[in-house]
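Have a look at the structure below before the remarks.
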Amino acid sequence: MGLNNARFENAFDEAGDALKMTLRVEIEDLAKHFGEIRAVDGVTFSVSKGEVLGFLGPNGAGKSTTMKMITGFLAPTRGTVRVCGYDVLADPISVKANLGYLPEGAPAYADMTPDSFLKFIADIRGLSGADKKRAVASAAERARVLNVMYQPIETLSKGYKRRVGLAQAILHNPPVLIMDEPTDGLDPNQKHEVRTLINEMAEDKAIIISTHILEEVNALCTRNVVIASGKVVFDGTPAELEAKSRYNNAVVLTVNTIDNTQLLQYVSALDFVADTETLTTGNGIRVFPKNNAHITIALSEKIREQGWEIVSLYAESGRLDEVFRSITLPSTAGVK
Amino acid sequence: MNMLNIWFIMKREFGGYFATPVAYVFIIIFLLLAGFSTFYVGNFFARGEADLYPFFSLHPWLYILLIPAISMRLWAEERKSGSIELLMTLPVSVFEAVLGKFFAAWAFTGLALILNFPLWITVNYLGNPDNGVIFTGFVGSFLMAGGFLAIGSCVSAVTKNQVIAFVLSLIVSLIFVLAGYGIVLDFFSSWAPQPLVDAISSFSFLTHFDAISKGVIDLRDILYFAALIAIWLFANALIVNARKAD
């Protein structure tokens with residue numbers, strides 16, 4: 001956290017006003033205590049225009065509580081939230097005007113139709129006349145709910161309900177978009193559609209999505225913040241997150257000429273190898289490099305020097321589930 | 001305070017009553033009960049007078065039963081379904097939301113009240129009533145309905161359960177009506193000092209409504225209902241703010 005702050009302040013001094021323009025969400029030392037329970041305990045991060053921030057963490061880590069504080073639904077116990085320069089406590093209405101928010105479970109007025117519901121949202125968002133018509137039509141089209149516009153929301157499937165919630169959130173083309181588990185409970189096709197939609201909008205918005213679906217880290221996010229027990233345990237790019245895995249840059253090697261025992265013996269002795277293991281499925285070994293280095297070429301040269309025939313040789317990328325487990329459950333071993 | 005926001009919320013909420021059969025059921029029951037109580041309980045014909053006093057005098061009792069049915073959903077449903085998170089993260093203030101919902105419920109009650117116009121036609125057909133008195137009767141009844149609704153709206157913010165909201169509103173409403181009823185006042189007057197008895201009586205809907213329904217417009221009675229509505233709605237906003245995320 002302290003490091004982040006320092007980095008943040010330096011960047012601010014250097015880039016000055018240009019950064020100020022693009023910095024859309026600033027969260028500092030945000031905390032929410034429910035009695036003795038510290039649901040969120042000193043969270044600091046910021047999001048700029050063009051970023052899709054994946055907010056990760058196990059259930060109950062404080063993701064939703066943090067989002068509720070950013071959107072002004074919950075008052076923080078301490079700390080500040082600024083959205084587009086407006087403080088959420090001092091000027092909640094301006095914060096809310098600059099936000100699109102999809103709450104967890106996409107609540108809506110069940111007895112309304114998407115058409116009347118979106119028109120109501122447009123009214124509240126201050127749109128009228130042709131602007132209102134255009135905004136409703138465009139949001140409905142982008143969220144792909146045009147074919148259910150006149151059915152009561154309570155009769156819609158879960159996927160459609162979620163998309164109505166999405167349409168509501170993007171209707172006024174907000175500079176900041178916050179979505180609490182936007183793909184939760186959707187089928188793979190629907191997930192893909194929602195991700196495509198988010199990617200389409202990413203360029204000119206600052207987007208925060210919470211998720212515990214790790215495949216979304218690579219599919220969607222330009223940055224990740226991982227929280228556990230109300231505290232930020234990681235803040236960086238998806239690549240940096242993957243790099244925390246011991247499997248990052250590990251090489252899987254299968255050789256024809258000799259058996260695994262001999263191969264392990266030889267490879268373990270190489271100076272760039274930190275560790276080795278036999279694969280649990282299939283034939284071959286896994287080689288862990290020292291210092292996370294790329295060792296594919298060096299390793300293949302060494303094997304060829306021995307005159308052994310390589311069946312397969314490929315580098316792995318980090319395993320997010322393993323990283324996720326190890327940084328959110330601090331007692332688990334396995335991270336470098 | 002953004003008047004447009006209040007208007008949009010009111011419009012949505014008012015439409016919500018008609019999205020389900022609730023509105024129609026309510027209006028029909030209200031009309032039936034109002035008619036029944038006027039003719040049978042109030043002895044409309046036997047009194048032999050051309051006025052609507054039997055109609056209005058029973059409104060407090062009618063409202064005790066029926067108004068909680070309108071107000072119970074205002075906030076309880078919003079909290080139960082989670083849509084309160086949506087509403088409270090739109091650029092509207094709590095007061096705008098509270099007022100918008102209250103006015104929707106009030107307008108709906110006003111509509112149900114106006115639909116009693118056949119009684120007014122009947123009494124004009126049968127005799128020559130003082131239509132001014134009848135008019136103030138409607139105004140008084142409408143004001144009193146606002147008081148009941150403000151109580152109900154506030155109570156419905158306390159719970160997520162509409163049945164609990166209904167029962168609690170009914171009990172609080174009952175207290176506000178009974179405070180002016182002879183039996184209750186007799187009970188107090190036997191031991192309590194007169195100023196206290198007067199104070200209790202002055203808090204009652206009955207005391208203030210009775211005068212208006214007889215055609216006597218006293219500014220104090222109107223102020224009473226206005227203040228009552230304002231206080232309950234203010235409490236309503238505070239409760240919504242404090243409990244919206246529970």
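Convention: chains lettered A, B, ... in structure tokens order; per-chain residue numbering from 1; ligands numbered from 1 as shown.
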Could you tell me which residues of chain A sit within 9 Å of chain B when counting only C-alpha atoms, and give me the result as an MDAnalysis selection string? chainID A and resid 68 71:74 92:103 105:112 116:117 120:121 123:126
Pull the closest atom pair for each residue of region 127-163 of chain B that gets at most 9 Å from region 45-62 of chain B, along with the distance in Å to one decimal, counting only C-alpha atoms, ordering rows by chain and then ascending residue number, as CSV.
```
residue,atom,partner,partner_atom,distance
B:Gly127,CA,B:Ala50,CA,5.4
B:Asn128,CA,B:Ala50,CA,6.2
B:Pro129,CA,B:Ala50,CA,4.9
B:Asp130,CA,B:Asp51,CA,7.1
B:Asn131,CA,B:Asp51,CA,8.3
B:Val133,CA,B:Asp51,CA,8.2
B:Ile134,CA,B:Leu52,CA,6.5
B:Gly137,CA,B:Phe56,CA,6.6
B:Phe138,CA,B:Phe56,CA,7.9
B:Gly140,CA,B:Phe56,CA,8.9
B:Ser141,CA,B:His59,CA,7.0
B:Met144,CA,B:Pro60,CA,7.8
B:Ala145,CA,B:Pro60,CA,8.3
```
Pick out the residues sitting within 12 Å of region 320-326 of chain A, and hand them over as an mmCIF file with N, CA and C atoms, in the first residue's frame; count only C-alpha atoms, and ignore anything fewer than 3 positions along from it in its own chain.
```cif
data_model
loop_
_atom_site.group_PDB
_atom_site.id
_atom_site.type_symbol
_atom_site.label_atom_id
_atom_site.label_comp_id
_atom_site.auth_asym_id
_atom_site.auth_seq_id
_atom_site.Cartn_x
_atom_site.Cartn_y
_atom_site.Cartn_z
ATOM 1 N N LEU A 56 -10.457 -8.836 -7.741
ATOM 2 C CA LEU A 56 -10.552 -10.256 -7.420
ATOM 3 C C LEU A 56 -10.497 -10.487 -5.925
ATOM 4 N N GLY A 57 -10.999 -11.631 -5.546
ATOM 5 C CA GLY A 57 -10.911 -12.012 -4.149
ATOM 6 C C GLY A 57 -11.915 -13.091 -3.868
ATOM 7 N N PRO A 58 -11.671 -13.885 -2.833
ATOM 8 C CA PRO A 58 -12.642 -14.928 -2.490
ATOM 9 C C PRO A 58 -13.961 -14.312 -2.035
ATOM 10 N N HIS A 212 -14.916 -13.640 -9.360
ATOM 11 C CA HIS A 212 -14.015 -14.666 -8.847
ATOM 12 C C HIS A 212 -13.768 -15.722 -9.916
ATOM 13 N N ILE A 213 -14.103 -15.341 -11.160
ATOM 14 C CA ILE A 213 -13.844 -16.232 -12.285
ATOM 15 C C ILE A 213 -12.487 -15.836 -12.877
ATOM 16 N N LEU A 214 -11.498 -16.739 -12.704
ATOM 17 C CA LEU A 214 -10.132 -16.331 -13.016
ATOM 18 C C LEU A 214 -9.867 -16.189 -14.504
ATOM 19 N N GLU A 215 -10.629 -16.895 -15.342
ATOM 20 C CA GLU A 215 -10.385 -16.768 -16.783
ATOM 21 C C GLU A 215 -10.651 -15.340 -17.249
ATOM 22 N N GLU A 216 -11.439 -14.599 -16.469
ATOM 23 C CA GLU A 216 -11.731 -13.226 -16.858
ATOM 24 C C GLU A 216 -10.545 -12.295 -16.701
ATOM 25 N N VAL A 217 -9.586 -12.717 -15.889
ATOM 26 C CA VAL A 217 -8.404 -11.896 -15.681
ATOM 27 C C VAL A 217 -7.721 -11.623 -17.023
ATOM 28 N N ASN A 218 -7.536 -12.687 -17.810
ATOM 29 C CA ASN A 218 -6.898 -12.505 -19.112
ATOM 30 C C ASN A 218 -7.871 -12.044 -20.182
ATOM 31 N N ASN A 224 -5.198 -5.877 -12.278
ATOM 32 C CA ASN A 224 -5.899 -6.623 -11.240
ATOM 33 C C ASN A 224 -5.572 -6.096 -9.868
ATOM 34 N N VAL A 225 -6.605 -6.016 -9.052
ATOM 35 C CA VAL A 225 -6.397 -5.792 -7.627
ATOM 36 C C VAL A 225 -7.010 -6.998 -6.928
ATOM 37 N N VAL A 226 -6.200 -7.663 -6.126
ATOM 38 C CA VAL A 226 -6.712 -8.812 -5.391
ATOM 39 C C VAL A 226 -6.870 -8.409 -3.940
ATOM 40 N N ILE A 227 -8.041 -8.667 -3.376
ATOM 41 C CA ILE A 227 -8.186 -8.390 -1.958
ATOM 42 C C ILE A 227 -8.564 -9.665 -1.208
ATOM 43 N N ALA A 228 -8.100 -9.718 0.011
ATOM 44 C CA ALA A 228 -8.421 -10.845 0.881
ATOM 45 C C ALA A 228 -8.579 -10.301 2.284
ATOM 46 N N VAL A 233 -3.979 -7.429 -1.479
ATOM 47 C CA VAL A 233 -2.795 -8.295 -1.412
ATOM 48 C C VAL A 233 -2.038 -8.311 -2.730
ATOM 49 N N PHE A 234 -2.620 -7.743 -3.778
ATOM 50 C CA PHE A 234 -1.913 -7.660 -5.047
ATOM 51 C C PHE A 234 -2.497 -6.525 -5.871
ATOM 52 N N PRO A 238 -2.210 -8.469 -15.290
ATOM 53 C CA PRO A 238 -2.439 -9.921 -15.303
ATOM 54 C C PRO A 238 -1.136 -10.695 -15.475
ATOM 55 N N ALA A 239 -0.209 -10.167 -16.297
ATOM 56 C CA ALA A 239 1.070 -10.860 -16.494
ATOM 57 C C ALA A 239 1.849 -10.926 -15.186
ATOM 58 N N GLU A 240 1.828 -9.823 -14.452
ATOM 59 C CA GLU A 240 2.525 -9.814 -13.159
ATOM 60 C C GLU A 240 1.890 -10.790 -12.179
ATOM 61 N N LEU A 241 0.571 -10.907 -12.297
ATOM 62 C CA LEU A 241 -0.129 -11.842 -11.413
ATOM 63 C C LEU A 241 0.284 -13.277 -11.746
ATOM 64 N N GLU A 242 0.320 -13.564 -13.047
ATOM 65 C CA GLU A 242 0.734 -14.902 -13.474
ATOM 66 C C GLU A 242 2.161 -15.195 -13.068
ATOM 67 N N ALA A 243 3.001 -14.152 -13.124
ATOM 68 C CA ALA A 243 4.424 -14.339 -12.820
ATOM 69 C C ALA A 243 4.645 -14.755 -11.379
ATOM 70 N N LYS A 244 3.633 -14.539 -10.558
ATOM 71 C CA LYS A 244 3.781 -14.952 -9.164
ATOM 72 C C LYS A 244 3.649 -16.457 -8.998
ATOM 73 N N SER A 245 3.236 -17.114 -10.071
ATOM 74 C CA SER A 245 3.072 -18.562 -9.985
ATOM 75 C C SER A 245 4.411 -19.248 -10.200
ATOM 76 N N ARG A 246 4.644 -20.348 -9.472
ATOM 77 C CA ARG A 246 5.891 -21.074 -9.683
ATOM 78 C C ARG A 246 5.884 -21.752 -11.040
ATOM 79 N N TYR A 247 4.713 -21.901 -11.639
ATOM 80 C CA TYR A 247 4.645 -22.537 -12.952
ATOM 81 C C TYR A 247 4.957 -21.569 -14.081
ATOM 82 N N ASN A 248 5.088 -20.283 -13.734
ATOM 83 C CA ASN A 248 5.355 -19.307 -14.788
ATOM 84 C C ASN A 248 6.738 -19.571 -15.394
ATOM 85 N N GLU A 316 5.386 -23.083 -19.895
ATOM 86 C CA GLU A 316 4.049 -22.868 -19.342
ATOM 87 C C GLU A 316 3.898 -21.418 -18.900
ATOM 88 N N SER A 317 2.628 -20.992 -18.798
ATOM 89 C CA SER A 317 2.403 -19.689 -18.168
ATOM 90 C C SER A 317 1.895 -19.944 -16.759
ATOM 91 N N LEU A 329 -4.923 -17.009 0.658
ATOM 92 C CA LEU A 329 -4.768 -17.845 1.856
ATOM 93 C C LEU A 329 -3.289 -17.839 2.198
ATOM 94 N N PRO A 330 -2.820 -16.900 2.985
ATOM 95 C CA PRO A 330 -1.387 -16.655 3.138
ATOM 96 C C PRO A 330 -0.602 -17.871 3.647
ATOM 97 N N SER A 331 -1.275 -18.827 4.277
ATOM 98 C CA SER A 331 -0.527 -19.940 4.865
ATOM 99 C C SER A 331 -0.096 -20.966 3.822
ATOM 100 N N THR A 332 -0.751 -20.957 2.653
ATOM 101 C CA THR A 332 -0.428 -21.968 1.653
ATOM 102 C C THR A 332 0.921 -21.690 1.005
ATOM 103 N N ALA A 333 1.717 -22.730 0.844
ATOM 104 C CA ALA A 333 3.008 -22.571 0.190
ATOM 105 C C ALA A 333 2.833 -22.632 -1.315
ATOM 106 N N GLY A 334 3.903 -22.407 -2.078
ATOM 107 C CA GLY A 334 3.831 -22.639 -3.508
ATOM 108 C C GLY A 334 4.103 -21.418 -4.340
ATOM 109 N N VAL A 335 4.208 -20.257 -3.700
ATOM 110 C CA VAL A 335 4.501 -19.072 -4.494
ATOM 111 C C VAL A 335 5.950 -18.679 -4.271
ATOM 112 N N LYS A 336 6.559 -18.262 -5.348
ATOM 113 C CA LYS A 336 7.957 -17.878 -5.249
ATOM 114 C C LYS A 336 8.123 -16.620 -4.414
#
```
Report the distance between CA of Leu33 (chain B) and CA of Leu113 (chain B) in Å, rounded to one decimal place.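 Those two atoms sit 11.9 Å apart.
Neighbours of region 311-313 of chain A closer than or equal to 12 Å, with only C-alpha atoms counted and sequence neighbours fewer than 3 positions away skipped, come out as A:Asn249, A:Ala250, A:Val251, A:Val252, A:Leu253, A:Thr254, A:Val255, A:Asn256, A:Thr257, A:Ile258, A:Gly282, A:Asn283, A:Gly284, A:Ile285, A:Arg286, A:Val287, A:Ile295, A:Thr296, A:Ile297, A:Ala298, A:Leu299, A:Ser300, A:Glu301, A:Ile303, A:Arg304, A:Trp308, A:Glu316.
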Grab the residues selected above and save them as a PDB file, in the first residue's frame with N, CA and C atoms.
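As a result, part_22.pdb now contains:
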```
ATOM      1  N   ASN A 249       6.811 -19.748 -16.719  1.00  0.00           N
ATOM      2  CA  ASN A 249       8.046 -20.049 -17.445  1.00  0.00           C
ATOM      3  C   ASN A 249       8.625 -21.424 -17.148  1.00  0.00           C
ATOM      4  N   ALA A 250       7.883 -22.234 -16.418  1.00  0.00           N
ATOM      5  CA  ALA A 250       8.346 -23.614 -16.235  1.00  0.00           C
ATOM      6  C   ALA A 250       8.264 -24.317 -17.587  1.00  0.00           C
ATOM      7  N   VAL A 251       9.156 -25.285 -17.828  1.00  0.00           N
ATOM      8  CA  VAL A 251       9.203 -25.946 -19.129  1.00  0.00           C
ATOM      9  C   VAL A 251       8.845 -27.419 -18.954  1.00  0.00           C
ATOM     10  N   VAL A 252       7.935 -27.858 -19.800  1.00  0.00           N
ATOM     11  CA  VAL A 252       7.578 -29.279 -19.783  1.00  0.00           C
ATOM     12  C   VAL A 252       8.349 -29.970 -20.900  1.00  0.00           C
ATOM     13  N   LEU A 253       9.030 -31.047 -20.548  1.00  0.00           N
ATOM     14  CA  LEU A 253       9.978 -31.670 -21.471  1.00  0.00           C
ATOM     15  C   LEU A 253       9.731 -33.172 -21.526  1.00  0.00           C
ATOM     16  N   THR A 254       9.627 -33.707 -22.735  1.00  0.00           N
ATOM     17  CA  THR A 254       9.528 -35.156 -22.903  1.00  0.00           C
ATOM     18  C   THR A 254      10.608 -35.596 -23.902  1.00  0.00           C
ATOM     19  N   VAL A 255      11.340 -36.605 -23.530  1.00  0.00           N
ATOM     20  CA  VAL A 255      12.469 -37.065 -24.356  1.00  0.00           C
ATOM     21  C   VAL A 255      12.284 -38.547 -24.616  1.00  0.00           C
ATOM     22  N   ASN A 256      12.667 -38.974 -25.810  1.00  0.00           N
ATOM     23  CA  ASN A 256      12.442 -40.351 -26.245  1.00  0.00           C
ATOM     24  C   ASN A 256      13.522 -41.333 -25.803  1.00  0.00           C
ATOM     25  N   THR A 257      14.765 -40.894 -25.941  1.00  0.00           N
ATOM     26  CA  THR A 257      15.905 -41.798 -25.883  1.00  0.00           C
ATOM     27  C   THR A 257      16.141 -42.434 -24.519  1.00  0.00           C
ATOM     28  N   ILE A 258      15.924 -41.647 -23.446  1.00  0.00           N
ATOM     29  CA  ILE A 258      16.250 -42.157 -22.117  1.00  0.00           C
ATOM     30  C   ILE A 258      15.030 -42.111 -21.205  1.00  0.00           C
ATOM     31  N   GLY A 282       0.834 -38.303 -17.993  1.00  0.00           N
ATOM     32  CA  GLY A 282       1.652 -38.384 -19.178  1.00  0.00           C
ATOM     33  C   GLY A 282       3.120 -38.600 -18.840  1.00  0.00           C
ATOM     34  N   ASN A 283       3.912 -38.735 -19.874  1.00  0.00           N
ATOM     35  CA  ASN A 283       5.330 -39.006 -19.735  1.00  0.00           C
ATOM     36  C   ASN A 283       6.100 -37.701 -19.853  1.00  0.00           C
ATOM     37  N   GLY A 284       7.084 -37.478 -18.989  1.00  0.00           N
ATOM     38  CA  GLY A 284       7.882 -36.280 -19.110  1.00  0.00           C
ATOM     39  C   GLY A 284       8.153 -35.634 -17.771  1.00  0.00           C
ATOM     40  N   ILE A 285       8.899 -34.531 -17.818  1.00  0.00           N
ATOM     41  CA  ILE A 285       9.233 -33.825 -16.585  1.00  0.00           C
ATOM     42  C   ILE A 285       8.935 -32.338 -16.726  1.00  0.00           C
ATOM     43  N   ARG A 286       8.811 -31.674 -15.566  1.00  0.00           N
ATOM     44  CA  ARG A 286       8.635 -30.232 -15.566  1.00  0.00           C
ATOM     45  C   ARG A 286       9.877 -29.611 -14.955  1.00  0.00           C
ATOM     46  N   VAL A 287      10.408 -28.583 -15.615  1.00  0.00           N
ATOM     47  CA  VAL A 287      11.646 -27.947 -15.175  1.00  0.00           C
ATOM     48  C   VAL A 287      11.345 -26.517 -14.737  1.00  0.00           C
ATOM     49  N   ILE A 295      13.949 -20.355 -20.228  1.00  0.00           N
ATOM     50  CA  ILE A 295      15.038 -21.331 -20.386  1.00  0.00           C
ATOM     51  C   ILE A 295      14.777 -22.316 -21.517  1.00  0.00           C
ATOM     52  N   THR A 296      13.714 -22.081 -22.308  1.00  0.00           N
ATOM     53  CA  THR A 296      13.353 -23.060 -23.334  1.00  0.00           C
ATOM     54  C   THR A 296      14.504 -23.358 -24.296  1.00  0.00           C
ATOM     55  N   ILE A 297      15.108 -22.283 -24.827  1.00  0.00           N
ATOM     56  CA  ILE A 297      16.156 -22.467 -25.833  1.00  0.00           C
ATOM     57  C   ILE A 297      17.390 -23.118 -25.222  1.00  0.00           C
ATOM     58  N   ALA A 298      17.800 -22.572 -24.063  1.00  0.00           N
ATOM     59  CA  ALA A 298      18.984 -23.111 -23.404  1.00  0.00           C
ATOM     60  C   ALA A 298      18.802 -24.594 -23.104  1.00  0.00           C
ATOM     61  N   LEU A 299      17.626 -24.931 -22.650  1.00  0.00           N
ATOM     62  CA  LEU A 299      17.356 -26.311 -22.274  1.00  0.00           C
ATOM     63  C   LEU A 299      17.383 -27.226 -23.499  1.00  0.00           C
ATOM     64  N   SER A 300      16.769 -26.775 -24.591  1.00  0.00           N
ATOM     65  CA  SER A 300      16.728 -27.628 -25.783  1.00  0.00           C
ATOM     66  C   SER A 300      18.141 -27.832 -26.341  1.00  0.00           C
ATOM     67  N   GLU A 301      18.987 -26.787 -26.266  1.00  0.00           N
ATOM     68  CA  GLU A 301      20.372 -26.941 -26.725  1.00  0.00           C
ATOM     69  C   GLU A 301      21.111 -28.003 -25.912  1.00  0.00           C
ATOM     70  N   ILE A 303      19.869 -30.500 -24.268  1.00  0.00           N
ATOM     71  CA  ILE A 303      19.365 -31.850 -24.540  1.00  0.00           C
ATOM     72  C   ILE A 303      19.949 -32.371 -25.850  1.00  0.00           C
ATOM     73  N   ARG A 304      19.982 -31.466 -26.868  1.00  0.00           N
ATOM     74  CA  ARG A 304      20.521 -31.868 -28.171  1.00  0.00           C
ATOM     75  C   ARG A 304      22.003 -32.207 -28.078  1.00  0.00           C
ATOM     76  N   TRP A 308      19.969 -36.549 -27.319  1.00  0.00           N
ATOM     77  CA  TRP A 308      18.652 -37.149 -27.056  1.00  0.00           C
ATOM     78  C   TRP A 308      17.597 -36.545 -27.966  1.00  0.00           C
ATOM     79  N   GLU A 316       5.386 -23.083 -19.895  1.00  0.00           N
ATOM     80  CA  GLU A 316       4.049 -22.868 -19.342  1.00  0.00           C
ATOM     81  C   GLU A 316       3.898 -21.418 -18.900  1.00  0.00           C
TER      82      GLU A 316
END
```
Which parts of region 16-238 of chain B does DSSP call alpha helix (DSSP H) when run on the backbone here, written out as a PyMOL selection string? chain B and resi 16-19+22-36+44-47+53-57+59-71+73-81+83-87+94-114+117-126+131-156+162-178+182-189+194-202+205-213+219-238
Compare B:Ile151, B:Val197, B:Phe209, B:Ile29 by their minimum atom-to-atom distance to Ser71 (chain B), counting only C-alpha atoms, and give me the closest one.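 With only C-alpha atoms as the atom set, the closest residue is B:Ile151.
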Who sits within 10 Å of region 76-88 of chain A, only C-alpha atoms, same chain under 5 positions skipped, as a ChimeraX atom specification: /A:20-34,38,40-48,65-66,68-71,93-99,175-176,206
Writer output for current selection, C-alpha atoms, as an mmCIF file, in the first residue's frame:
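Below you can see part.cif, which holds the result:
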```cif
data_model
loop_
_atom_site.group_PDB
_atom_site.id
_atom_site.type_symbol
_atom_site.label_atom_id
_atom_site.label_comp_id
_atom_site.auth_asym_id
_atom_site.auth_seq_id
_atom_site.Cartn_x
_atom_site.Cartn_y
_atom_site.Cartn_z
ATOM 1 C CA LYS A 20 -5.437 14.203 -13.527
ATOM 2 C CA MET A 21 -7.689 14.131 -16.584
ATOM 3 C CA THR A 22 -7.475 10.384 -16.977
ATOM 4 C CA LEU A 23 -7.548 9.430 -13.311
ATOM 5 C CA ARG A 24 -11.181 8.582 -12.777
ATOM 6 C CA VAL A 25 -11.472 6.673 -9.516
ATOM 7 C CA GLU A 26 -9.242 7.350 -6.524
ATOM 8 C CA ILE A 27 -9.672 5.276 -3.414
ATOM 9 C CA GLU A 28 -7.615 5.963 -0.349
ATOM 10 C CA ASP A 29 -7.451 3.993 2.874
ATOM 11 C CA LEU A 30 -11.056 2.924 2.479
ATOM 12 C CA ALA A 31 -12.485 0.922 5.360
ATOM 13 C CA LYS A 32 -15.840 -0.426 6.456
ATOM 14 C CA HIS A 33 -16.354 -2.051 9.810
ATOM 15 C CA PHE A 34 -19.539 -3.836 10.781
ATOM 16 C CA ARG A 38 -13.542 -5.413 9.360
ATOM 17 C CA VAL A 40 -12.877 -3.671 4.250
ATOM 18 C CA ASP A 41 -9.750 -2.595 6.029
ATOM 19 C CA GLY A 42 -7.685 0.156 4.405
ATOM 20 C CA VAL A 43 -8.013 -0.354 0.665
ATOM 21 C CA THR A 44 -6.120 1.997 -1.637
ATOM 22 C CA PHE A 45 -6.063 1.939 -5.429
ATOM 23 C CA SER A 46 -6.961 4.090 -8.404
ATOM 24 C CA VAL A 47 -8.319 3.529 -11.876
ATOM 25 C CA SER A 48 -7.677 5.592 -14.991
ATOM 26 C CA THR A 65 -18.646 -3.787 0.193
ATOM 27 C CA THR A 66 -15.868 -1.796 -1.487
ATOM 28 C CA LYS A 68 -20.946 -0.203 -2.514
ATOM 29 C CA MET A 69 -18.761 2.431 -0.917
ATOM 30 C CA ILE A 70 -17.411 3.655 -4.263
ATOM 31 C CA THR A 71 -20.936 4.031 -5.601
ATOM 32 C CA ILE A 93 -25.003 13.190 -6.497
ATOM 33 C CA SER A 94 -22.141 14.228 -8.811
ATOM 34 C CA VAL A 95 -20.372 10.939 -8.114
ATOM 35 C CA LYS A 96 -23.511 8.979 -8.951
ATOM 36 C CA ALA A 97 -24.103 11.030 -12.089
ATOM 37 C CA ASN A 98 -20.668 10.001 -13.378
ATOM 38 C CA LEU A 99 -21.126 6.352 -12.533
ATOM 39 C CA PRO A 175 -17.080 7.829 -17.694
ATOM 40 C CA VAL A 176 -16.850 5.263 -14.895
ATOM 41 C CA ALA A 206 -12.588 3.517 -16.414
#
```
Point-to-point distance in Å for CA of Phe148 (chain B) and CA of Asp186 (chain B):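 Separating CA of Asp186 (chain B) from CA of Phe148 (chain B) is a distance of 24.4 Å.
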Who sits within 12 Å of Tyr160 (chain A), only C-alpha atoms, same chain under 2 positions skipped, as a ChimeraX atom specification: /A:105-108,113-114,140,143-149,151-158,162-167,182-183,185-187,190-191,193-194
Would you mind listing what lies within 10 Å of Asp198 (chain B) as a list of chain:residue names, with only C-alpha atoms counted and same-chain residues fewer than 2 positions away left out? B:Ala179, B:Gly180, B:Leu185, B:Phe188, B:Ser189, B:Pro193, B:Gln194, B:Pro195, B:Leu196, B:Ile200, B:Ser201, B:Ser202, B:Phe203
Atom pair CA of Thr159 (chain B) + CA of Gly100 (chain B), distance 19.5 Å
Per DSSP on the backbone, filter region 32-252 of chain A down to the residues in strand (DSSP E or B) and report them as an MDAnalysis selection string. chainID A and resid 32:34 37:48 52:56 78:83 86:87 99:102 176:180 206:211 223:228 231:236 245 251:252
Keeping only C-alpha atoms, take the residues you just selected and write them out as a short mmCIF file (atom, residue, chain, number, x, y, z; two decimals), in the first residue's frame.
```cif
data_model
loop_
_atom_site.label_atom_id
_atom_site.label_comp_id
_atom_site.auth_asym_id
_atom_site.auth_seq_id
_atom_site.Cartn_x
_atom_site.Cartn_y
_atom_site.Cartn_z
CA LYS A 32 -15.84 -0.43 6.46
CA HIS A 33 -16.35 -2.05 9.81
CA PHE A 34 -19.54 -3.84 10.78
CA ILE A 37 -15.91 -7.30 11.63
CA ARG A 38 -13.54 -5.41 9.36
CA ALA A 39 -15.16 -6.12 6.01
CA VAL A 40 -12.88 -3.67 4.25
CA ASP A 41 -9.75 -2.59 6.03
CA GLY A 42 -7.68 0.16 4.41
CA VAL A 43 -8.01 -0.35 0.66
CA THR A 44 -6.12 2.00 -1.64
CA PHE A 45 -6.06 1.94 -5.43
CA SER A 46 -6.96 4.09 -8.40
CA VAL A 47 -8.32 3.53 -11.88
CA SER A 48 -7.68 5.59 -14.99
CA VAL A 52 -10.38 -2.42 -16.93
CA LEU A 53 -9.62 -3.21 -13.35
CA GLY A 54 -10.40 -6.75 -12.29
CA PHE A 55 -11.28 -6.75 -8.65
CA LEU A 56 -10.55 -10.26 -7.42
CA ARG A 78 -12.94 5.81 7.14
CA GLY A 79 -11.09 6.75 3.99
CA THR A 80 -12.01 8.66 0.86
CA VAL A 81 -13.43 7.85 -2.55
CA ARG A 82 -13.22 10.27 -5.45
CA VAL A 83 -14.89 9.66 -8.78
CA TYR A 86 -15.87 14.42 -6.83
CA ASP A 87 -15.75 13.20 -3.25
CA LEU A 99 -21.13 6.35 -12.53
CA GLY A 100 -22.81 3.43 -14.15
CA TYR A 101 -23.33 0.67 -11.62
CA LEU A 102 -24.45 -2.91 -11.97
CA VAL A 176 -16.85 5.26 -14.90
CA LEU A 177 -18.46 1.86 -14.96
CA ILE A 178 -18.64 -0.41 -11.92
CA MET A 179 -19.96 -3.92 -12.22
CA ASP A 180 -20.31 -6.43 -9.43
CA ALA A 206 -12.59 3.52 -16.41
CA ILE A 207 -14.10 0.15 -15.59
CA ILE A 208 -14.06 -1.84 -12.37
CA ILE A 209 -15.43 -5.36 -12.43
CA SER A 210 -15.44 -7.74 -9.54
CA THR A 211 -15.20 -11.41 -10.23
CA ARG A 223 -5.03 -4.61 -14.29
CA ASN A 224 -5.90 -6.62 -11.24
CA VAL A 225 -6.40 -5.79 -7.63
CA VAL A 226 -6.71 -8.81 -5.39
CA ILE A 227 -8.19 -8.39 -1.96
CA ALA A 228 -8.42 -10.84 0.88
CA LYS A 231 -6.93 -5.84 2.43
CA VAL A 232 -5.23 -5.41 -0.95
CA VAL A 233 -2.80 -8.29 -1.41
CA PHE A 234 -1.91 -7.66 -5.05
CA ASP A 235 -2.09 -4.74 -7.48
CA GLY A 236 -0.61 -5.20 -10.95
CA SER A 245 3.07 -18.56 -9.99
CA VAL A 251 9.20 -25.95 -19.13
CA VAL A 252 7.58 -29.28 -19.78
#
```
